[in-house]
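**Student:** Quick one: structure below, then a few questions.
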There are 2 protein chains.
Amino acid sequence: MIKNPEGRKRIALDMDEVIADVTPKFLELYARDFGEVPPKEVWWGKKIYQLPNAEHIRGYLHEEGFFANLPVMDGSQEVVKWLTEHYDVFAVTAATEFRNSLRDKLDWLDRYFPCIGWQRLVLCGDKRIVQADYMIDDHAWNLEHFKGKGLLFTASHNIHETGFNRVDTWADIRAYFENELATNGQSE
Amino acid sequence: MIKNPEGRKRIALDMDEVIADVTPKFLELYARDFGEVPPKEVWWGKKIYQLPNAEHIRGYLHEEGFFANLPVMDGSQEVVKWLTEHYDVFAVTAATEFRNSLRDKLDWLDRYFPCIGWQRLVLCGDKRIVQADYMIDDHAWNLEHFKGKGLLFTASHNIHETGFNRVDTWADIRAYFENELATNGQSE
């Protein structure tokens, strides 16, 4: 059932805003409710639902289907496929707050990242229970408690965070792990 | 959001056959399909779907609703409530193989174990990613890789397992942790 036995280093990979691009969906819902797409300079630096009068947009996360059709983050499929050849890659997503997100997230991962699959999907509420060597996440609070090496994936809401090893793109992630492999050798 | 900060010891608590009693449901389905409930001496020592011609019964795990109405394991609610006063208790369940089980399991936990709640639910495929001080589980394979203290909760299919610290009932679990607390002091 599990292809990678003990021995490979483990990566805990966040889904939303790391491999799944949530921003276009939020902008679409904002445009539907307010009649216009806000320009990037207005929402860059925060979450879309932190714009004036837009708090209700976070509520759409509870709707069935919200996570079903999110676009894949640029370049993530190729790099994740490559990562799975060297590491034990788990998708770890904070999802249990949203009961209708669970099946959508599983189906989405199966469709776009079959190299991870249900065997290595973790749907949780609190990532402190996760044990891994690396964590790639857009939320500083997940990296704060993490004992391994954390990578903060740039998202609109985290651009003012400092103190984390930041990656802006999936090309950056590939370069980071190429360097890790060159420095530490193959992980298995 | 999270009541227990760092400091308390963490327990990873399995759901099926530990807090959720799956056997009555399997027996009910067996009786529906074969016209009779098999006597305990026939299935004790294996899983119900390992009885002759009953392999298809495992397939019912894929159906929506299978996990929705499982009875609570005797004594588990009171002891889990007590455990949450001393430990950081997570429900950790292998669920991602069954896409239709996810929401049912979340709803079931909310209904019967609100002291755990979605914040501490982990729906996964492979428990090796879980980091905890204790694990209570009915499957030896989950305890084999676990670095903390494992407790094997007796279930029909595991009665021949040796080499694990076995607990037969929730009263046994309470007694085990009373002893841990008396020996090591309060965990926080």
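Chain labels follow the order of the structure tokens: the first chain is A, the next B, and so on; residue numbering restarts at 1 in every chain, and ligands are counted from 1 in their shown order.
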Write out chain B, as a CSV table (one decimal) with C-alpha atoms, in the first residue's frame, after superposing it onto chain A by least squares using every C-alpha atom paired in order.
**Tutor:**
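And here's selection_29.csv as it stands now:
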chain,number,residue,atom,x,y,z
B,1,MET,CA,0.0,0.0,0.0
B,2,ILE,CA,2.7,2.4,0.9
B,3,LYS,CA,5.4,2.7,-1.7
B,4,ASN,CA,8.1,4.4,0.3
B,5,PRO,CA,9.3,2.5,3.4
B,6,GLU,CA,11.0,4.1,6.4
B,7,GLY,CA,14.2,5.9,5.4
B,8,ARG,CA,13.2,8.6,3.0
B,9,LYS,CA,12.8,12.0,4.6
B,10,ARG,CA,9.2,13.2,4.9
B,11,ILE,CA,7.7,16.4,3.5
B,12,ALA,CA,4.4,17.8,4.8
B,13,LEU,CA,3.0,19.8,2.0
B,14,ASP,CA,0.1,22.1,2.6
B,15,MET,CA,-2.7,22.2,-0.1
B,16,ASP,CA,-4.5,25.6,-0.1
B,17,GLU,CA,-2.4,28.4,-1.5
B,18,VAL,CA,0.6,26.0,-2.0
B,19,ILE,CA,-0.6,23.4,-4.5
B,20,ALA,CA,-4.2,24.6,-4.8
B,21,ASP,CA,-4.7,28.2,-5.9
B,22,VAL,CA,-7.5,29.6,-3.8
B,23,THR,CA,-7.2,33.3,-4.8
B,24,PRO,CA,-8.9,33.1,-8.2
B,25,LYS,CA,-11.9,31.5,-6.5
B,26,PHE,CA,-12.1,34.2,-3.8
B,27,LEU,CA,-11.8,36.9,-6.5
B,28,GLU,CA,-14.5,35.3,-8.5
B,29,LEU,CA,-16.8,35.2,-5.5
B,30,TYR,CA,-15.9,38.8,-4.6
B,31,ALA,CA,-16.7,39.9,-8.1
B,32,ARG,CA,-20.0,38.1,-8.0
B,33,ASP,CA,-21.0,39.8,-4.7
B,34,PHE,CA,-19.6,43.3,-5.3
B,35,GLY,CA,-19.8,43.5,-9.1
B,36,GLU,CA,-16.0,44.1,-9.6
B,37,VAL,CA,-12.7,42.3,-9.3
B,38,PRO,CA,-10.6,44.2,-6.8
B,39,PRO,CA,-7.2,45.2,-8.2
B,40,LYS,CA,-4.2,43.3,-6.8
B,41,GLU,CA,-2.8,46.4,-5.0
B,42,VAL,CA,-6.0,46.4,-2.9
B,43,TRP,CA,-5.8,42.8,-1.7
B,44,TRP,CA,-2.1,42.1,-1.8
B,45,GLY,CA,-1.0,41.9,1.8
B,46,LYS,CA,-4.2,40.4,3.2
B,47,LYS,CA,-6.8,37.8,2.5
B,48,ILE,CA,-9.6,38.7,0.1
B,49,TYR,CA,-12.2,38.3,2.9
B,50,GLN,CA,-10.3,40.9,4.9
B,51,LEU,CA,-11.4,43.6,2.5
B,52,PRO,CA,-14.1,45.9,3.7
B,53,ASN,CA,-17.5,44.3,4.1
B,54,ALA,CA,-16.2,41.0,2.7
B,55,GLU,CA,-16.0,38.9,5.9
B,56,HIS,CA,-18.9,36.7,4.6
B,57,ILE,CA,-16.6,35.4,1.9
B,58,ARG,CA,-14.8,33.2,4.3
B,59,GLY,CA,-18.1,31.5,4.9
B,60,TYR,CA,-18.1,30.1,1.4
B,61,LEU,CA,-15.3,27.7,2.5
B,62,HIS,CA,-18.2,25.8,4.2
B,63,GLU,CA,-20.0,25.2,0.9
B,64,GLU,CA,-19.7,21.8,-0.9
B,65,GLY,CA,-17.8,22.3,-4.1
B,66,PHE,CA,-15.7,25.3,-3.0
B,67,PHE,CA,-12.5,23.2,-3.1
B,68,ALA,CA,-13.6,20.9,-6.0
B,69,ASN,CA,-12.3,22.9,-8.9
B,70,LEU,CA,-9.5,25.0,-7.6
B,71,PRO,CA,-6.7,25.5,-10.2
B,72,VAL,CA,-3.4,23.9,-9.6
B,73,MET,CA,-0.6,26.2,-8.5
B,74,ASP,CA,1.8,27.0,-11.3
B,75,GLY,CA,4.5,24.5,-11.6
B,76,SER,CA,3.5,22.4,-8.6
B,77,GLN,CA,2.6,19.2,-10.4
B,78,GLU,CA,5.9,18.7,-12.0
B,79,VAL,CA,7.9,19.6,-8.9
B,80,VAL,CA,5.8,17.5,-6.6
B,81,LYS,CA,6.2,14.5,-8.9
B,82,TRP,CA,9.9,15.0,-8.8
B,83,LEU,CA,9.9,15.4,-5.0
B,84,THR,CA,8.1,12.1,-4.6
B,85,GLU,CA,11.0,10.4,-6.3
B,86,HIS,CA,13.3,11.5,-3.5
B,87,TYR,CA,11.1,12.1,-0.5
B,88,ASP,CA,8.0,10.7,1.3
B,89,VAL,CA,5.6,13.5,0.4
B,90,PHE,CA,2.3,13.9,2.4
B,91,ALA,CA,-0.4,16.4,1.7
B,92,VAL,CA,-1.4,17.9,5.1
B,93,THR,CA,-4.3,20.2,5.0
B,94,ALA,CA,-6.3,22.0,7.7
B,95,ALA,CA,-9.7,20.9,6.6
B,96,THR,CA,-11.8,19.5,9.5
B,97,GLU,CA,-13.3,23.0,10.3
B,98,PHE,CA,-15.1,22.6,7.0
B,99,ARG,CA,-17.2,19.4,6.9
B,100,ASN,CA,-18.1,19.8,3.2
B,101,SER,CA,-14.5,20.3,2.1
B,102,LEU,CA,-13.2,16.8,3.0
B,103,ARG,CA,-14.4,14.7,0.1
B,104,ASP,CA,-13.7,17.6,-2.4
B,105,LYS,CA,-10.1,17.8,-1.2
B,106,LEU,CA,-9.6,14.1,-1.4
B,107,ASP,CA,-11.0,14.0,-4.9
B,108,TRP,CA,-9.0,17.0,-6.0
B,109,LEU,CA,-5.8,15.5,-4.7
B,110,ASP,CA,-6.6,12.2,-6.5
B,111,ARG,CA,-7.2,14.1,-9.7
B,112,TYR,CA,-4.2,16.4,-9.8
B,113,PHE,CA,-1.6,14.7,-7.6
B,114,PRO,CA,-2.1,11.0,-8.0
B,115,CYS,CA,1.6,10.6,-7.0
B,116,ILE,CA,0.5,11.5,-3.4
B,117,GLY,CA,-2.9,9.8,-3.3
B,118,TRP,CA,-5.2,9.0,-0.3
B,119,GLN,CA,-2.4,7.0,1.4
B,120,ARG,CA,-0.5,10.2,2.1
B,121,LEU,CA,-3.4,12.7,2.6
B,122,VAL,CA,-3.9,14.1,6.1
B,123,LEU,CA,-7.0,16.1,6.7
B,124,CYS,CA,-6.7,17.7,10.2
B,125,GLY,CA,-7.4,20.7,12.4
B,126,ASP,CA,-4.1,21.3,14.0
B,127,LYS,CA,-0.8,20.5,12.3
B,128,ARG,CA,1.2,20.2,15.5
B,129,ILE,CA,0.5,16.5,15.5
B,130,VAL,CA,2.4,16.1,12.2
B,131,GLN,CA,5.9,14.6,12.3
B,132,ALA,CA,8.0,15.4,9.2
B,133,ASP,CA,11.5,16.6,8.2
B,134,TYR,CA,10.1,19.5,6.0
B,135,MET,CA,6.9,21.5,6.0
B,136,ILE,CA,5.9,23.7,3.1
B,137,ASP,CA,3.0,26.0,4.2
B,138,ASP,CA,1.7,29.5,3.7
B,139,HIS,CA,0.7,30.0,7.3
B,140,ALA,CA,3.4,31.1,9.8
B,141,TRP,CA,1.5,29.6,12.7
B,142,ASN,CA,1.9,26.1,11.2
B,143,LEU,CA,5.7,26.6,10.9
B,144,GLU,CA,6.1,28.2,14.3
B,145,HIS,CA,5.6,24.9,16.1
B,146,PHE,CA,7.2,22.7,13.5
B,147,LYS,CA,10.4,20.9,14.6
B,148,GLY,CA,11.8,20.3,11.1
B,149,LYS,CA,12.8,22.7,8.4
B,150,GLY,CA,9.9,25.0,7.4
B,151,LEU,CA,9.4,26.8,4.1
B,152,LEU,CA,6.9,29.6,4.0
B,153,PHE,CA,5.3,29.7,0.6
B,154,THR,CA,4.5,33.3,-0.4
B,155,ALA,CA,0.8,34.2,-0.3
B,156,SER,CA,-0.9,37.5,-0.2
B,157,HIS,CA,-1.6,37.3,3.5
B,158,ASN,CA,2.0,36.4,4.6
B,159,ILE,CA,4.1,38.9,2.7
B,160,HIS,CA,4.9,40.8,6.0
B,161,GLU,CA,6.1,37.6,7.8
B,162,THR,CA,9.8,37.5,8.5
B,163,GLY,CA,11.8,34.8,10.2
B,164,PHE,CA,11.0,32.0,7.9
B,165,ASN,CA,12.7,30.5,5.0
B,166,ARG,CA,10.6,31.9,2.2
B,167,VAL,CA,9.9,30.4,-1.2
B,168,ASP,CA,7.9,32.4,-3.8
B,169,THR,CA,7.4,29.8,-6.5
B,170,TRP,CA,7.6,26.1,-7.2
B,171,ALA,CA,10.8,26.7,-9.1
B,172,ASP,CA,12.2,28.1,-5.8
B,173,ILE,CA,11.0,24.9,-4.0
B,174,ARG,CA,12.7,22.7,-6.6
B,175,ALA,CA,16.0,24.7,-6.3
B,176,TYR,CA,15.8,24.4,-2.4
B,177,PHE,CA,15.4,20.6,-2.5
B,178,GLU,CA,18.1,20.2,-5.3
B,179,ASN,CA,20.4,22.0,-2.9
B,180,GLU,CA,19.3,19.8,0.1
B,181,LEU,CA,19.9,16.6,-2.0
B,182,ALA,CA,23.3,17.9,-3.2
B,183,THR,CA,24.3,18.8,0.4
B,184,ASN,CA,22.9,15.8,2.2
B,185,GLY,CA,22.9,13.2,-0.5
B,186,GLN,CA,19.8,11.3,-1.5
B,187,SER,CA,17.4,11.0,1.3
B,188,GLU,CA,17.1,7.2,1.0
**Student:** Please give the complete set of residues from stretch 102-138 of chain B that DSSP, run on the backbone, assigns to helix (DSSP H, G or I), formatted as number ranges by chain.
**Tutor:** B: 102-112, 118-120, 127-129
**Student:** As a compact mmCIF listing (two decimals) with all heavy atoms, in the first residue's frame, please: every residue in chain A that a backbone DSSP assignment puts in strand (DSSP E or B).
**Tutor:**
# COMPACT_ATOMS: atom_id res chain seq x y z
N GLU A 6 10.21 3.24 5.52
CA GLU A 6 11.00 4.12 6.39
C GLU A 6 12.32 4.43 5.69
O GLU A 6 12.82 3.64 4.92
CB GLU A 6 11.32 3.39 7.70
CG GLU A 6 10.13 2.96 8.51
CD GLU A 6 9.42 4.10 9.20
OE1 GLU A 6 10.05 5.15 9.41
OE2 GLU A 6 8.23 3.95 9.51
N ARG A 8 13.24 7.33 3.74
CA ARG A 8 13.17 8.61 3.03
C ARG A 8 12.76 9.70 3.99
O ARG A 8 11.93 9.48 4.88
CB ARG A 8 12.12 8.55 1.92
CG ARG A 8 12.56 7.70 0.76
CD ARG A 8 11.66 7.95 -0.43
NE ARG A 8 12.11 7.14 -1.53
CZ ARG A 8 11.76 7.35 -2.80
NH1 ARG A 8 10.95 8.33 -3.12
NH2 ARG A 8 12.23 6.58 -3.75
N ARG A 10 10.66 12.92 5.10
CA ARG A 10 9.25 13.20 4.87
C ARG A 10 8.99 14.70 4.70
O ARG A 10 9.52 15.51 5.46
CB ARG A 10 8.43 12.66 6.03
CG ARG A 10 6.92 12.78 5.82
CD ARG A 10 6.17 12.21 7.01
NE ARG A 10 6.47 10.81 7.18
CZ ARG A 10 6.69 10.22 8.36
NH1 ARG A 10 6.66 10.93 9.46
NH2 ARG A 10 6.96 8.94 8.42
N ILE A 11 8.18 15.04 3.71
CA ILE A 11 7.75 16.42 3.49
C ILE A 11 6.25 16.52 3.76
O ILE A 11 5.47 15.74 3.21
CB ILE A 11 8.02 16.88 2.04
CG1 ILE A 11 9.52 16.80 1.71
CG2 ILE A 11 7.49 18.29 1.81
CD1 ILE A 11 9.85 17.08 0.25
N ALA A 12 5.85 17.46 4.61
CA ALA A 12 4.43 17.76 4.84
C ALA A 12 4.09 18.98 4.00
O ALA A 12 4.59 20.09 4.24
CB ALA A 12 4.17 18.03 6.32
N LEU A 13 3.25 18.75 3.01
CA LEU A 13 2.96 19.76 1.99
C LEU A 13 1.54 20.26 2.17
O LEU A 13 0.59 19.48 2.12
CB LEU A 13 3.11 19.05 0.63
CG LEU A 13 2.87 19.81 -0.64
CD1 LEU A 13 3.84 20.98 -0.76
CD2 LEU A 13 3.03 18.85 -1.83
N ASP A 16 -3.99 24.29 0.29
CA ASP A 16 -4.52 25.60 -0.12
C ASP A 16 -3.42 26.67 -0.14
O ASP A 16 -2.70 26.85 0.83
CB ASP A 16 -5.63 26.05 0.83
CG ASP A 16 -6.76 25.03 0.84
OD1 ASP A 16 -7.03 24.45 -0.22
OD2 ASP A 16 -7.36 24.82 1.91
N ALA A 20 -2.89 24.19 -4.32
CA ALA A 20 -4.21 24.59 -4.84
C ALA A 20 -4.33 26.10 -4.74
O ALA A 20 -4.10 26.69 -3.69
CB ALA A 20 -5.32 23.93 -4.01
N VAL A 72 -4.64 24.36 -10.13
CA VAL A 72 -3.38 23.88 -9.57
C VAL A 72 -2.38 25.03 -9.58
O VAL A 72 -2.32 25.81 -10.53
CB VAL A 72 -2.86 22.70 -10.42
CG1 VAL A 72 -1.46 22.31 -10.01
CG2 VAL A 72 -3.83 21.51 -10.31
N ASP A 88 9.35 11.24 0.90
CA ASP A 88 8.04 10.70 1.25
C ASP A 88 7.12 11.93 1.44
O ASP A 88 7.21 12.62 2.45
CB ASP A 88 8.19 9.91 2.55
CG ASP A 88 7.06 8.94 2.80
OD1 ASP A 88 6.32 8.63 1.85
OD2 ASP A 88 6.93 8.48 3.94
N VAL A 89 6.31 12.21 0.44
CA VAL A 89 5.56 13.47 0.41
C VAL A 89 4.11 13.24 0.86
O VAL A 89 3.38 12.44 0.26
CB VAL A 89 5.55 14.08 -1.01
CG1 VAL A 89 4.76 15.39 -1.02
CG2 VAL A 89 6.98 14.31 -1.49
N PHE A 90 3.72 13.92 1.92
CA PHE A 90 2.34 13.89 2.41
C PHE A 90 1.68 15.24 2.12
O PHE A 90 2.31 16.28 2.30
CB PHE A 90 2.31 13.68 3.93
CG PHE A 90 2.48 12.25 4.37
CD1 PHE A 90 3.69 11.59 4.21
CD2 PHE A 90 1.44 11.56 4.97
CE1 PHE A 90 3.86 10.28 4.62
CE2 PHE A 90 1.60 10.25 5.40
CZ PHE A 90 2.80 9.60 5.22
N ALA A 91 0.42 15.21 1.72
CA ALA A 91 -0.39 16.43 1.67
C ALA A 91 -1.07 16.57 3.02
O ALA A 91 -1.76 15.65 3.46
CB ALA A 91 -1.43 16.34 0.55
N VAL A 92 -0.82 17.69 3.69
CA VAL A 92 -1.35 17.91 5.04
C VAL A 92 -2.15 19.20 5.03
O VAL A 92 -1.59 20.29 4.84
CB VAL A 92 -0.20 18.01 6.07
CG1 VAL A 92 -0.77 18.27 7.46
CG2 VAL A 92 0.65 16.75 6.07
N THR A 93 -3.46 19.08 5.21
CA THR A 93 -4.31 20.25 5.03
C THR A 93 -5.26 20.44 6.21
O THR A 93 -5.85 19.48 6.70
CB THR A 93 -5.09 20.14 3.70
OG1 THR A 93 -5.95 21.27 3.56
CG2 THR A 93 -5.92 18.87 3.62
N ALA A 94 -5.35 21.67 6.68
CA ALA A 94 -6.30 22.02 7.73
C ALA A 94 -7.68 22.06 7.09
O ALA A 94 -7.99 22.97 6.32
CB ALA A 94 -5.93 23.37 8.34
N LEU A 121 -2.57 11.47 2.35
CA LEU A 121 -3.36 12.68 2.61
C LEU A 121 -3.68 12.73 4.10
O LEU A 121 -4.07 11.73 4.69
CB LEU A 121 -4.66 12.65 1.80
CG LEU A 121 -5.70 13.74 2.13
CD1 LEU A 121 -5.12 15.15 1.91
CD2 LEU A 121 -6.96 13.54 1.30
N VAL A 122 -3.50 13.90 4.69
CA VAL A 122 -3.86 14.12 6.10
C VAL A 122 -4.80 15.32 6.15
O VAL A 122 -4.42 16.43 5.80
CB VAL A 122 -2.61 14.40 6.97
CG1 VAL A 122 -3.03 14.65 8.43
CG2 VAL A 122 -1.61 13.26 6.88
N LEU A 123 -6.04 15.06 6.56
CA LEU A 123 -7.04 16.12 6.74
C LEU A 123 -7.15 16.34 8.24
O LEU A 123 -7.53 15.43 8.98
CB LEU A 123 -8.39 15.65 6.19
CG LEU A 123 -8.43 15.26 4.71
CD1 LEU A 123 -9.53 14.24 4.44
CD2 LEU A 123 -8.62 16.49 3.83
N CYS A 124 -6.78 17.52 8.69
CA CYS A 124 -6.70 17.71 10.15
C CYS A 124 -7.17 19.10 10.54
O CYS A 124 -7.61 19.90 9.70
CB CYS A 124 -5.27 17.46 10.63
SG CYS A 124 -4.06 18.63 9.97
N VAL A 130 1.70 16.65 13.35
CA VAL A 130 2.40 16.11 12.19
C VAL A 130 3.91 16.04 12.43
O VAL A 130 4.52 16.99 12.91
CB VAL A 130 2.11 16.96 10.94
CG1 VAL A 130 3.09 16.67 9.82
CG2 VAL A 130 0.69 16.71 10.48
N TYR A 134 10.36 18.18 6.69
CA TYR A 134 10.15 19.47 6.04
C TYR A 134 8.65 19.79 6.06
O TYR A 134 7.82 18.87 5.96
CB TYR A 134 10.60 19.45 4.58
CG TYR A 134 12.05 19.11 4.37
CD1 TYR A 134 12.45 17.79 4.18
CD2 TYR A 134 13.04 20.10 4.36
CE1 TYR A 134 13.79 17.46 3.99
CE2 TYR A 134 14.38 19.79 4.17
CZ TYR A 134 14.74 18.47 3.98
OH TYR A 134 16.07 18.16 3.79
N MET A 135 8.33 21.07 6.15
CA MET A 135 6.94 21.49 6.00
C MET A 135 6.92 22.70 5.05
O MET A 135 7.68 23.66 5.25
CB MET A 135 6.32 21.87 7.35
CG MET A 135 4.88 22.35 7.22
SD MET A 135 4.09 22.70 8.84
CE MET A 135 3.60 21.06 9.35
N ILE A 136 6.06 22.62 4.05
CA ILE A 136 5.88 23.73 3.11
C ILE A 136 4.46 24.25 3.34
O ILE A 136 3.49 23.51 3.14
CB ILE A 136 6.06 23.28 1.64
CG1 ILE A 136 7.38 22.52 1.47
CG2 ILE A 136 5.98 24.49 0.71
CD1 ILE A 136 7.55 21.86 0.09
N ASP A 137 4.33 25.49 3.76
CA ASP A 137 3.03 26.01 4.20
C ASP A 137 3.00 27.51 3.99
O ASP A 137 4.02 28.19 3.99
CB ASP A 137 2.87 25.69 5.69
CG ASP A 137 1.41 25.46 6.07
OD1 ASP A 137 0.63 26.44 6.08
OD2 ASP A 137 1.06 24.30 6.33
N LYS A 149 12.47 21.49 9.14
CA LYS A 149 12.78 22.68 8.34
C LYS A 149 11.51 23.19 7.68
O LYS A 149 10.87 22.46 6.91
CB LYS A 149 13.82 22.33 7.27
CG LYS A 149 15.17 21.87 7.85
CD LYS A 149 16.16 21.54 6.73
CE LYS A 149 17.50 21.09 7.30
NZ LYS A 149 18.48 20.76 6.24
N GLY A 150 11.17 24.41 7.95
CA GLY A 150 9.94 24.98 7.40
C GLY A 150 10.22 25.90 6.23
O GLY A 150 11.19 26.66 6.24
N LEU A 151 9.34 25.83 5.23
CA LEU A 151 9.41 26.76 4.09
C LEU A 151 8.08 27.51 4.02
O LEU A 151 7.02 26.89 3.95
CB LEU A 151 9.61 25.99 2.79
CG LEU A 151 10.93 25.24 2.61
CD1 LEU A 151 10.96 24.55 1.24
CD2 LEU A 151 12.12 26.18 2.73
N LEU A 152 8.16 28.83 4.05
CA LEU A 152 6.94 29.65 3.95
C LEU A 152 6.70 29.97 2.48
O LEU A 152 7.49 30.66 1.83
CB LEU A 152 7.12 30.95 4.75
CG LEU A 152 5.87 31.83 4.80
CD1 LEU A 152 4.80 31.22 5.70
CD2 LEU A 152 6.23 33.24 5.30
N PHE A 153 5.59 29.44 1.96
CA PHE A 153 5.26 29.69 0.56
C PHE A 153 4.54 31.03 0.48
O PHE A 153 3.51 31.25 1.13
CB PHE A 153 4.38 28.56 0.01
CG PHE A 153 4.29 28.55 -1.49
CD1 PHE A 153 5.29 27.98 -2.26
CD2 PHE A 153 3.20 29.13 -2.13
CE1 PHE A 153 5.21 27.98 -3.65
CE2 PHE A 153 3.12 29.12 -3.52
CZ PHE A 153 4.12 28.55 -4.28
N ASN A 165 12.11 30.73 6.24
CA ASN A 165 12.75 30.52 4.96
C ASN A 165 11.65 30.60 3.90
O ASN A 165 10.75 29.78 3.86
CB ASN A 165 13.39 29.12 4.97
CG ASN A 165 14.49 28.99 3.94
OD1 ASN A 165 14.59 29.82 3.01
ND2 ASN A 165 15.31 27.99 4.08
N ARG A 166 11.70 31.65 3.08
CA ARG A 166 10.59 31.93 2.17
C ARG A 166 10.86 31.39 0.76
O ARG A 166 11.97 31.50 0.24
CB ARG A 166 10.36 33.44 2.10
CG ARG A 166 9.21 33.87 1.19
CD ARG A 166 9.08 35.39 1.14
NE ARG A 166 8.59 35.95 2.40
CZ ARG A 166 7.30 36.00 2.73
NH1 ARG A 166 6.38 35.53 1.91
NH2 ARG A 166 6.93 36.54 3.88
N VAL A 167 9.81 30.81 0.15
CA VAL A 167 9.86 30.43 -1.26
C VAL A 167 8.69 31.09 -1.96
O VAL A 167 7.56 31.09 -1.48
CB VAL A 167 9.81 28.89 -1.45
CG1 VAL A 167 11.17 28.26 -1.17
CG2 VAL A 167 8.75 28.24 -0.55
